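work-v9.txt (compact mmCIF, C-alpha atoms)
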# COMPACT_ATOMS: atom_id res chain seq x y z
CA MET A 1 -99.18 -3.05 89.87
CA ARG A 2 -98.47 -0.51 92.59
CA ASN A 3 -96.37 2.41 91.39
CA PRO A 4 -93.30 3.62 93.29
CA LEU A 5 -94.47 7.18 93.83
CA ALA A 6 -97.78 6.23 95.41
CA ILE A 7 -96.59 3.92 98.20
CA GLY A 8 -93.71 3.54 100.62
CA LEU A 9 -91.18 3.81 97.80
CA ALA A 10 -92.07 7.48 97.30
CA PRO A 11 -89.28 9.03 99.42
CA ALA A 12 -86.57 6.90 97.79
CA ALA A 13 -87.96 7.50 94.31
CA ARG A 14 -88.28 11.25 94.72
CA ALA A 15 -84.82 11.58 96.24
CA LEU A 16 -83.28 9.56 93.43
CA LEU A 17 -85.11 11.59 90.80
CA ALA A 18 -83.90 14.85 92.34
CA THR A 19 -80.33 13.53 92.37
CA ALA A 20 -80.56 12.45 88.73
CA LEU A 21 -81.88 15.84 87.62
CA ARG A 22 -79.10 17.67 89.48
CA GLU A 23 -76.55 15.28 87.99
CA ASP A 24 -77.76 16.19 84.50
CA ALA A 25 -77.75 19.96 85.24
CA VAL A 26 -81.16 20.26 83.66
CA ARG A 27 -81.31 24.00 84.32
CA ARG A 28 -78.27 24.57 82.11
CA ASP A 29 -78.86 22.39 79.04
CA VAL A 30 -76.59 24.55 76.92
CA THR A 31 -77.20 22.68 73.67
CA THR A 32 -80.97 23.01 73.88
CA LEU A 33 -80.77 26.62 75.09
CA ALA A 34 -78.55 27.47 72.12
CA LEU A 35 -80.56 25.76 69.39
CA VAL A 36 -84.23 25.56 70.43
CA PRO A 37 -86.32 28.74 70.82
CA PRO A 38 -88.29 29.02 74.06
CA SER A 39 -91.57 29.26 72.15
CA ALA A 40 -91.07 25.98 70.26
CA ARG A 41 -93.59 23.24 71.04
CA ALA A 42 -93.52 19.61 69.99
CA ARG A 43 -95.08 16.20 70.33
CA ALA A 44 -93.09 13.04 70.89
CA ARG A 45 -93.40 9.47 72.03
CA VAL A 46 -91.15 7.05 73.87
CA VAL A 47 -91.04 3.64 72.21
CA ALA A 48 -89.52 0.28 73.09
CA ARG A 49 -86.87 -0.76 70.60
CA ALA A 50 -87.03 -4.43 71.63
CA PRO A 51 -89.55 -6.65 73.43
CA CYS A 52 -89.46 -6.05 77.19
CA VAL A 53 -91.44 -5.76 80.42
CA ILE A 54 -92.13 -2.15 81.31
CA CYS A 55 -91.11 -0.57 84.60
CA GLY A 56 -90.43 3.04 85.56
CA THR A 57 -93.15 4.89 83.67
CA THR A 58 -94.18 6.94 86.70
CA LEU A 59 -90.61 8.04 87.29
CA ALA A 60 -90.12 8.86 83.62
CA ARG A 61 -93.25 10.99 83.67
CA ALA A 62 -92.08 12.68 86.86
CA ALA A 63 -88.73 13.48 85.23
CA PHE A 64 -90.39 15.22 82.29
CA ARG A 65 -92.79 17.10 84.55
CA ALA A 66 -90.02 18.15 86.95
CA VAL A 67 -88.11 19.76 84.09
CA ASP A 68 -91.22 21.56 82.79
CA PRO A 69 -94.61 21.23 84.51
CA ARG A 70 -96.30 22.32 81.28
CA LEU A 71 -95.38 19.04 79.60
CA ARG A 72 -98.26 16.63 79.12
CA VAL A 73 -97.28 12.98 79.58
CA ARG A 74 -99.62 10.10 78.88
CA ILE A 75 -98.59 6.60 79.96
CA ARG A 76 -99.66 4.25 77.19
CA ARG A 77 -98.34 1.01 78.71
CA PRO A 78 -98.25 0.59 82.51
CA ASP A 79 -95.54 -0.94 84.64
CA GLY A 80 -95.63 -4.72 84.40
CA ALA A 81 -96.87 -4.74 80.80
CA HIS A 82 -95.15 -6.96 78.21
CA VAL A 83 -94.56 -4.89 75.07
CA ARG A 84 -93.35 -5.48 71.53
CA ALA A 85 -90.59 -3.67 69.66
CA GLY A 86 -91.84 -0.34 68.34
CA GLU A 87 -94.71 -0.13 70.80
CA PRO A 88 -95.25 3.35 72.29
CA ILE A 89 -94.84 3.59 76.05
CA LEU A 90 -95.32 7.32 76.66
CA GLU A 91 -96.93 10.11 74.63
CA LEU A 92 -95.53 13.59 75.23
CA ALA A 93 -96.53 17.11 74.25
CA GLY A 94 -95.49 20.61 75.24
CA PRO A 95 -92.42 22.88 75.20
CA ALA A 96 -89.72 21.35 73.03
CA ARG A 97 -86.96 22.49 75.38
CA GLY A 98 -88.45 20.49 78.23
CA LEU A 99 -88.76 17.36 76.11
CA LEU A 100 -85.13 17.49 75.00
CA THR A 101 -83.72 18.34 78.41
CA ALA A 102 -85.58 15.60 80.30
CA GLU A 103 -85.16 12.91 77.64
CA ARG A 104 -82.05 11.14 78.93
CA THR A 105 -82.94 11.32 82.62
CA ALA A 106 -86.37 9.84 81.95
CA LEU A 107 -85.05 7.11 79.66
CA ASN A 108 -82.34 6.15 82.16
CA PHE A 109 -85.00 5.23 84.71
CA LEU A 110 -87.01 3.33 82.12
CA GLN A 111 -84.10 1.36 80.70
CA ARG A 112 -82.66 0.30 84.08
CA LEU A 113 -85.92 -0.70 85.73
CA SER A 114 -87.43 -2.30 82.62
CA GLY A 115 -84.23 -4.29 82.16
CA ILE A 116 -84.64 -5.76 85.66
CA ALA A 117 -88.33 -6.46 85.09
CA THR A 118 -87.57 -8.16 81.78
CA LEU A 119 -84.83 -10.42 83.15
CA THR A 120 -87.05 -11.30 86.10
CA ALA A 121 -89.85 -12.24 83.70
CA HIS A 122 -87.50 -14.60 81.85
CA PHE A 123 -86.59 -16.37 85.10
CA ALA A 124 -90.22 -16.45 86.21
CA ALA A 125 -91.19 -18.09 82.92
CA ALA A 126 -88.42 -20.67 83.29
CA ILE A 127 -89.69 -21.89 86.68
CA ALA A 128 -93.41 -21.33 85.98
CA PRO A 129 -94.29 -25.08 85.83
CA TYR A 130 -93.40 -25.42 89.51
CA ARG A 131 -94.78 -23.82 92.67
CA VAL A 132 -91.55 -22.05 93.48
CA ALA A 133 -91.05 -18.42 94.50
CA LEU A 134 -88.49 -16.40 92.54
CA LEU A 135 -86.60 -14.25 95.05
CA ASP A 136 -84.30 -11.27 94.60
CA THR A 137 -81.38 -10.38 96.90
CA ARG A 138 -79.72 -7.32 98.45
CA LYS A 139 -77.26 -7.19 95.52
CA THR A 140 -78.71 -3.91 94.34
CA THR A 141 -77.38 -0.57 93.10
CA PRO A 142 -76.74 1.65 96.16
CA GLY A 143 -79.68 4.02 96.56
CA TRP A 144 -81.82 2.14 94.03
CA ARG A 145 -82.90 -0.82 96.18
CA ALA A 146 -86.56 0.12 96.65
CA LEU A 147 -86.96 0.82 92.93
CA GLU A 148 -85.06 -2.25 91.76
CA LYS A 149 -87.09 -4.49 94.04
CA TYR A 150 -90.25 -2.85 92.67
CA ALA A 151 -88.98 -3.76 89.17
CA VAL A 152 -88.56 -7.37 90.30
CA ARG A 153 -92.21 -7.42 91.34
CA CYS A 154 -93.19 -5.97 87.95
CA GLY A 155 -91.42 -8.90 86.30
CA GLY A 156 -93.17 -11.52 88.40
CA GLY A 157 -90.60 -12.02 91.17
CA THR A 158 -90.89 -11.81 94.95
CA ASN A 159 -88.84 -9.57 97.20
CA HIS A 160 -86.57 -11.20 99.77
CA ARG A 161 -84.98 -8.98 102.45
CA ALA A 162 -85.30 -5.24 101.90
CA ASN A 163 -82.60 -4.58 104.49
CA LEU A 164 -80.67 -6.13 107.35
CA ALA A 165 -83.50 -5.64 109.85
CA ASP A 166 -86.12 -7.65 107.93
CA ARG A 167 -85.09 -11.11 109.07
CA VAL A 168 -82.20 -13.03 110.57
CA LEU A 169 -80.11 -14.57 107.81
CA ILE A 170 -77.16 -16.53 109.19
CA LYS A 171 -74.61 -16.83 106.38
CA ASP A 172 -71.18 -18.44 106.21
CA ASN A 173 -69.26 -15.54 107.73
CA HIS A 174 -71.72 -15.26 110.62
CA ARG A 175 -71.32 -18.98 111.19
CA ALA A 176 -67.53 -18.67 111.28
CA PHE A 177 -67.72 -16.10 114.07
CA TRP A 178 -70.40 -18.07 115.91
CA ALA A 179 -68.57 -21.39 115.92
CA GLY A 180 -65.18 -20.00 116.92
CA ARG A 181 -63.11 -22.33 119.07
CA ALA A 182 -66.12 -23.56 121.02
CA ARG A 183 -67.42 -25.38 117.93
CA ARG A 184 -71.00 -24.40 118.63
CA THR A 185 -73.58 -26.01 116.36
CA LEU A 186 -75.78 -24.47 113.68
CA ALA A 187 -78.84 -25.47 115.69
CA GLU A 188 -77.49 -23.45 118.61
CA ALA A 189 -77.00 -20.46 116.31
CA VAL A 190 -80.63 -20.67 115.22
CA ARG A 191 -81.80 -20.90 118.83
CA ALA A 192 -79.66 -17.92 119.83
CA ALA A 193 -81.15 -15.84 117.03
CA ARG A 194 -84.67 -16.95 117.96
CA THR A 195 -84.10 -15.94 121.58
CA ARG A 196 -82.88 -12.48 120.57
CA TYR A 197 -85.49 -11.86 117.84
CA PRO A 198 -88.49 -14.14 118.53
CA ARG A 199 -90.80 -12.30 116.09
CA LEU A 200 -88.51 -12.34 113.06
CA PRO A 201 -88.13 -15.14 110.50
CA ILE A 202 -84.89 -17.05 111.03
CA GLU A 203 -82.95 -18.35 108.02
CA ILE A 204 -79.59 -20.12 107.97
CA GLU A 205 -77.27 -21.02 105.11
CA VAL A 206 -75.90 -24.56 104.76
CA ASP A 207 -73.42 -26.10 102.34
CA SER A 208 -74.02 -29.82 102.88
CA GLU A 209 -76.53 -32.42 103.96
CA SER A 210 -74.84 -32.84 107.35
CA GLU A 211 -75.10 -29.09 107.95
CA LEU A 212 -78.75 -29.25 106.93
CA ARG A 213 -79.44 -31.90 109.59
CA ASP A 214 -77.63 -29.80 112.20
CA ALA A 215 -79.58 -26.66 111.29
CA LEU A 216 -82.92 -28.47 111.30
CA ASP A 217 -82.43 -29.36 114.96
CA GLY A 218 -82.75 -25.64 115.72
CA ALA A 219 -86.12 -25.37 113.91
CA PRO A 220 -85.38 -22.42 111.58
CA ASP A 221 -88.10 -20.97 109.39
CA TRP A 222 -85.95 -21.08 106.26
CA ILE A 223 -82.77 -22.86 105.20
CA LEU A 224 -80.66 -21.52 102.35
CA LEU A 225 -79.08 -24.31 100.30
CA ASP A 226 -75.95 -22.73 98.88
CA ASN A 227 -74.48 -23.70 95.50
CA MET A 228 -75.93 -27.20 95.37
CA ARG A 229 -76.56 -29.24 92.25
CA PRO A 230 -80.09 -30.51 91.55
CA ALA A 231 -79.35 -34.05 92.78
CA GLN A 232 -78.11 -32.73 96.12
CA LEU A 233 -81.06 -30.32 96.35
CA ARG A 234 -83.46 -33.25 95.92
CA ARG A 235 -81.75 -35.14 98.75
CA CYS A 236 -82.02 -32.06 100.96
CA VAL A 237 -85.74 -31.77 100.20
CA ARG A 238 -86.21 -35.37 101.34
CA ILE A 239 -84.14 -34.84 104.50
CA CYS A 240 -86.03 -31.65 105.37
CA ALA A 241 -89.44 -33.27 104.85
CA GLY A 242 -91.26 -29.97 105.29
CA ARG A 243 -89.70 -29.03 108.65
CA ALA A 244 -88.42 -25.76 107.16
CA ARG A 245 -88.81 -23.91 103.89
CA LEU A 246 -85.91 -24.30 101.50
CA GLU A 247 -84.28 -21.64 99.34
CA ALA A 248 -81.87 -22.66 96.58
CA SER A 249 -79.24 -20.01 95.97
CA GLY A 250 -75.95 -19.59 94.15
CA GLY A 251 -75.11 -20.25 90.53
CA VAL A 252 -78.70 -19.99 89.30
CA THR A 253 -78.91 -19.14 85.59
CA LEU A 254 -81.62 -19.19 82.96
CA LYS A 255 -80.18 -22.49 81.76
CA ASN A 256 -80.48 -24.34 85.06
CA ALA A 257 -83.30 -22.48 86.85
CA ARG A 258 -85.99 -24.94 85.76
CA ALA A 259 -83.98 -27.97 86.88
CA ILE A 260 -83.39 -26.34 90.26
CA ALA A 261 -87.07 -25.45 90.66
CA ALA A 262 -88.03 -29.02 89.82
CA THR A 263 -86.18 -30.40 92.87
CA GLY A 264 -88.97 -29.45 95.27
CA VAL A 265 -87.43 -26.40 96.95
CA ASP A 266 -89.76 -23.61 98.02
CA ALA A 267 -87.82 -20.72 96.47
CA VAL A 268 -84.99 -19.90 94.11
CA SER A 269 -83.01 -16.70 94.71
CA VAL A 270 -81.13 -14.95 91.92
CA GLY A 271 -78.80 -12.03 92.57
CA ALA A 272 -78.46 -11.43 88.83
CA LEU A 273 -82.01 -10.05 88.69
CA THR A 274 -80.69 -6.77 90.04
CA HIS A 275 -76.90 -6.84 89.71
CA SER A 276 -76.60 -8.09 86.13
CA ALA A 277 -79.79 -7.20 84.26
CA PRO A 278 -79.04 -5.63 80.85
CA ALA A 279 -80.76 -2.32 80.20
CA ALA A 280 -83.89 -2.35 78.07
CA ASP A 281 -83.73 -0.20 74.93
CA PHE A 282 -85.98 2.86 74.47
CA SER A 283 -85.93 5.95 72.33
CA MET A 284 -87.82 9.24 72.23
CA GLU A 285 -89.11 10.08 68.75
CA PHE A 286 -90.61 13.40 67.74
CA VAL A 287 -93.95 13.08 65.96

Could you express the structure from this file as structure tokens?
Amino acid sequence: MRNPLAIGLAPAARALLATALREDAVRRDVTTLALVPPSARARARVVARAPCVICGTTLARAAFRAVDPRLRVRIRRPDGAHVRAGEPILELAGPARGLLTAERTALNFLQRLSGIATLTAHFAAAIAPYRVALLDTRKTTPGWRALEKYAVRCGGGTNHRANLADRVLIKDNHRAFWAGRARRTLAEAVRAARTRYPRLPIEIEVDSESELRDALDGAPDWILLDNMRPAQLRRCVRICAGRARLEASGGVTLKNARAIAATGVDAVSVGALTHSAPAADFSMEFV
């Protein structure tokens, strides 16, 4: 699994880490400065307090090292690993002040990103019997998108659009402006987008089978089937007959994800992967 500080995510990750460290005022940890002598050294470990999928170890290590470069940090379980409760994730050694000051910043990255990876893994397991991609969305924490989408990959998901320039995605509000009083068709919207951006994938959202037929006449690459029940999704798969790839979106939960995947769509997108993932639980324990 590629780590976020070694690839294109590096600028976003480093900027976010710097912001988090400033937010925590790590140079003025008054409690630690008052109670822990500068010569004190310690060993500690970060452990998972519940089963989860790990993500964010590189950032956690970077947080400790940014506070005190003398700290030694060993990653015991890499990003993407499934771990049990009580399993050590990081082993730490060095100045005790640095360990205490960096603790919360480092764990914040771990708990947020591992929470996303863990929820993604649950969805991926639910649809595993079918050849269906699990997609994320742009419903991400501002400033965290690159990292949260990395966490989705760690959990077994696939990234959809990283930003507005990645592909054309014609949604309901775009369609409202496009149609206007002229009542232009969805197929015409697809063709207009293709003319303007011939090298980009073109996707359009539809709400009904009649809209699906209209959109198909424009030959889009993808069609987003919005908030449809499994029976309607199956009918749309038959109507489409492979002329475009189909993405089921809206109202997808762990309870219904498998039934949706079983309809024959090509992908299922879930905004909850990033906007509603509960944090994973970690603690730092001194040895």

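If you measure from each of A:Ala125, A:Leu100, A:Leu16, A:Cys240 to Pro38 (chain A) using all atoms listed in the file, the closest one turns out to be A:Leu100.
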
Checklist entry - Could you pull the residues within 9 Å of Asp217 (chain A), counting all atoms listed in the file, minus those fewer than 2 positions along the same chain, as a list in words? => result Leu186, Ala187, Glu188, Val190, Leu212, Arg213, Asp214, Ala215, Ala219 and Pro220 of chain A

Item to check | Test item: residues at most 12 Å from region 270-278 of chain A, only C-alpha atoms, excluding those fewer than 3 positions along its chain, as a PyMOL selection string | outcome: chain A and resi 52+111-124+133-142+144-160+226-227+247-254+256-257+260+267+281

Take the residues from that selection and write them out as an mmCIF file, in the frame of the given file, keeping C-alpha atoms.
data_model
loop_
_atom_site.group_PDB
_atom_site.id
_atom_site.type_symbol
_atom_site.label_atom_id
_atom_site.label_comp_id
_atom_site.auth_asym_id
_atom_site.auth_seq_id
_atom_site.Cartn_x
_atom_site.Cartn_y
_atom_site.Cartn_z
ATOM 1 C CA CYS A 52 -89.460 -6.050 77.190
ATOM 2 C CA GLN A 111 -84.100 1.360 80.700
ATOM 3 C CA ARG A 112 -82.660 0.300 84.080
ATOM 4 C CA LEU A 113 -85.920 -0.700 85.730
ATOM 5 C CA SER A 114 -87.430 -2.300 82.620
ATOM 6 C CA GLY A 115 -84.230 -4.290 82.160
ATOM 7 C CA ILE A 116 -84.640 -5.760 85.660
ATOM 8 C CA ALA A 117 -88.330 -6.460 85.090
ATOM 9 C CA THR A 118 -87.570 -8.160 81.780
ATOM 10 C CA LEU A 119 -84.830 -10.420 83.150
ATOM 11 C CA THR A 120 -87.050 -11.300 86.100
ATOM 12 C CA ALA A 121 -89.850 -12.240 83.700
ATOM 13 C CA HIS A 122 -87.500 -14.600 81.850
ATOM 14 C CA PHE A 123 -86.590 -16.370 85.100
ATOM 15 C CA ALA A 124 -90.220 -16.450 86.210
ATOM 16 C CA ALA A 133 -91.050 -18.420 94.500
ATOM 17 C CA LEU A 134 -88.490 -16.400 92.540
ATOM 18 C CA LEU A 135 -86.600 -14.250 95.050
ATOM 19 C CA ASP A 136 -84.300 -11.270 94.600
ATOM 20 C CA THR A 137 -81.380 -10.380 96.900
ATOM 21 C CA ARG A 138 -79.720 -7.320 98.450
ATOM 22 C CA LYS A 139 -77.260 -7.190 95.520
ATOM 23 C CA THR A 140 -78.710 -3.910 94.340
ATOM 24 C CA THR A 141 -77.380 -0.570 93.100
ATOM 25 C CA PRO A 142 -76.740 1.650 96.160
ATOM 26 C CA TRP A 144 -81.820 2.140 94.030
ATOM 27 C CA ARG A 145 -82.900 -0.820 96.180
ATOM 28 C CA ALA A 146 -86.560 0.120 96.650
ATOM 29 C CA LEU A 147 -86.960 0.820 92.930
ATOM 30 C CA GLU A 148 -85.060 -2.250 91.760
ATOM 31 C CA LYS A 149 -87.090 -4.490 94.040
ATOM 32 C CA TYR A 150 -90.250 -2.850 92.670
ATOM 33 C CA ALA A 151 -88.980 -3.760 89.170
ATOM 34 C CA VAL A 152 -88.560 -7.370 90.300
ATOM 35 C CA ARG A 153 -92.210 -7.420 91.340
ATOM 36 C CA CYS A 154 -93.190 -5.970 87.950
ATOM 37 C CA GLY A 155 -91.420 -8.900 86.300
ATOM 38 C CA GLY A 156 -93.170 -11.520 88.400
ATOM 39 C CA GLY A 157 -90.600 -12.020 91.170
ATOM 40 C CA THR A 158 -90.890 -11.810 94.950
ATOM 41 C CA ASN A 159 -88.840 -9.570 97.200
ATOM 42 C CA HIS A 160 -86.570 -11.200 99.770
ATOM 43 C CA ASP A 226 -75.950 -22.730 98.880
ATOM 44 C CA ASN A 227 -74.480 -23.700 95.500
ATOM 45 C CA GLU A 247 -84.280 -21.640 99.340
ATOM 46 C CA ALA A 248 -81.870 -22.660 96.580
ATOM 47 C CA SER A 249 -79.240 -20.010 95.970
ATOM 48 C CA GLY A 250 -75.950 -19.590 94.150
ATOM 49 C CA GLY A 251 -75.110 -20.250 90.530
ATOM 50 C CA VAL A 252 -78.700 -19.990 89.300
ATOM 51 C CA THR A 253 -78.910 -19.140 85.590
ATOM 52 C CA LEU A 254 -81.620 -19.190 82.960
ATOM 53 C CA ASN A 256 -80.480 -24.340 85.060
ATOM 54 C CA ALA A 257 -83.300 -22.480 86.850
ATOM 55 C CA ILE A 260 -83.390 -26.340 90.260
ATOM 56 C CA ALA A 267 -87.820 -20.720 96.470
ATOM 57 C CA ASP A 281 -83.730 -0.200 74.930
#

Within 9 Å of Val265 (chain A), counting all atoms listed in the file, which residues qualify if same-chain residues fewer than 3 places away don't, as a PDB file with C-alpha atoms, keeping the file's coordinate frame?
ATOM      1  CA  ARG A 131     -94.780 -23.820  92.670  1.00  0.00           C
ATOM      2  CA  VAL A 132     -91.550 -22.050  93.480  1.00  0.00           C
ATOM      3  CA  LEU A 233     -81.060 -30.320  96.350  1.00  0.00           C
ATOM      4  CA  ARG A 234     -83.460 -33.250  95.920  1.00  0.00           C
ATOM      5  CA  CYS A 236     -82.020 -32.060 100.960  1.00  0.00           C
ATOM      6  CA  VAL A 237     -85.740 -31.770 100.200  1.00  0.00           C
ATOM      7  CA  ARG A 245     -88.810 -23.910 103.890  1.00  0.00           C
ATOM      8  CA  LEU A 246     -85.910 -24.300 101.500  1.00  0.00           C
ATOM      9  CA  GLU A 247     -84.280 -21.640  99.340  1.00  0.00           C
ATOM     10  CA  ALA A 248     -81.870 -22.660  96.580  1.00  0.00           C
ATOM     11  CA  ILE A 260     -83.390 -26.340  90.260  1.00  0.00           C
ATOM     12  CA  ALA A 261     -87.070 -25.450  90.660  1.00  0.00           C
ATOM     13  CA  ALA A 262     -88.030 -29.020  89.820  1.00  0.00           C
ATOM     14  CA  VAL A 268     -84.990 -19.900  94.110  1.00  0.00           C
TER      15      VAL A 268
END

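For the choices A:Leu17, A:Arg41, A:Leu169, A:Val53, the atom-to-atom distance to Arg65 (chain A) is smallest for A:Leu17 when using all atoms listed in the file.
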
Next on the checklist: Need the shell around Ala40 (chain A): protein/DNA/RNA residues with any atom at most 10 Å away, counting all atoms listed in the file. Skip same-chain ones fewer than 2 positions apart. Format as a VMD selection string?
Outcome noted: chain A and resid 36 to 38 42 94 to 97

Can I get the selected residues back with C-alpha atoms, as a PDB file, in the coordinates of the input?
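See again16.pdb below for the written result:
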ATOM      1  CA  VAL A  36     -84.230  25.560  70.430  1.00  0.00           C
ATOM      2  CA  PRO A  37     -86.320  28.740  70.820  1.00  0.00           C
ATOM      3  CA  PRO A  38     -88.290  29.020  74.060  1.00  0.00           C
ATOM      4  CA  ALA A  42     -93.520  19.610  69.990  1.00  0.00           C
ATOM      5  CA  GLY A  94     -95.490  20.610  75.240  1.00  0.00           C
ATOM      6  CA  PRO A  95     -92.420  22.880  75.200  1.00  0.00           C
ATOM      7  CA  ALA A  96     -89.720  21.350  73.030  1.00  0.00           C
ATOM      8  CA  ARG A  97     -86.960  22.490  75.380  1.00  0.00           C
TER       9      ARG A  97
END

Item to check | Coordinates-based distance that separates CA of Leu71 (chain A) from CA of Ile89 (chain A) (Å, one decimal) | outcome: 15.9 Å

Checklist entry - Can you tell me how far CA of Ala66 (chain A) sits from CA of Arg84 (chain A), in Å to one decimal? => result 28.4 Å

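Among the candidates A:Arg199, A:Val287, A:Arg22, A:Ile239, the one nearest to Glu211 (chain A) when counting all atoms listed in the file is A:Ile239.
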
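Straight-line separation from CA of Arg243 (chain A) to CA of Pro129 (chain A): 23.6 Å.
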
Checklist outcome for this item: Of A:Pro11, A:Gly86, A:Gly143, A:Gly242, the one nearest to Ile223 (chain A) when counting all atoms listed in the file is A:Gly242

Using the file's own x, y and z axes, what box holds all listed atoms of region 164-170 of chain A with 3 Å on each side, keeping edges along x, y and z, and what are its centre and edge lengths in Å to one decimal, as AutoDock Vina command-line options?
--center_x -81.6 --center_y -11.1 --center_z 109.0 --size_x 15.0 --size_y 16.9 --size_z 9.2

Env of Arg43 (chain A): 6 Å cut, atoms = only C-alpha atoms, seq-sep filter 6 positions within chain, self excluded. Answer as a PDB file with C-alpha atoms, keeping the file's coordinate frame.
ATOM      1  CA  LEU A  92     -95.530  13.590  75.230  1.00  0.00           C
ATOM      2  CA  ALA A  93     -96.530  17.110  74.250  1.00  0.00           C
ATOM      3  CA  PHE A 286     -90.610  13.400  67.740  1.00  0.00           C
ATOM      4  CA  VAL A 287     -93.950  13.080  65.960  1.00  0.00           C
TER       5      VAL A 287
END

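You can rank A:Ala259, A:Ile202, A:Ala193, A:Ala63 by their closest distance to Ala20 (chain A) using only C-alpha atoms, and at the top of that list sits A:Ala63.
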
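Among the candidate residues A:Thr195, A:Asn163, A:Thr105, A:Ser269, the one lying nearest to Thr19 (chain A) is A:Thr105, with distances computed using only C-alpha atoms.
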
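Every residue within 9 Å of the file position (-88.2, 4.6, 71.1), judged by all atoms listed in the file, is given as Arg45, Val46, Val47, Ala48, Arg49, Ala85, Gly86, Glu87, Pro88, Ile89, Asp281, Phe282, Ser283, Met284 and Glu285 of chain A.
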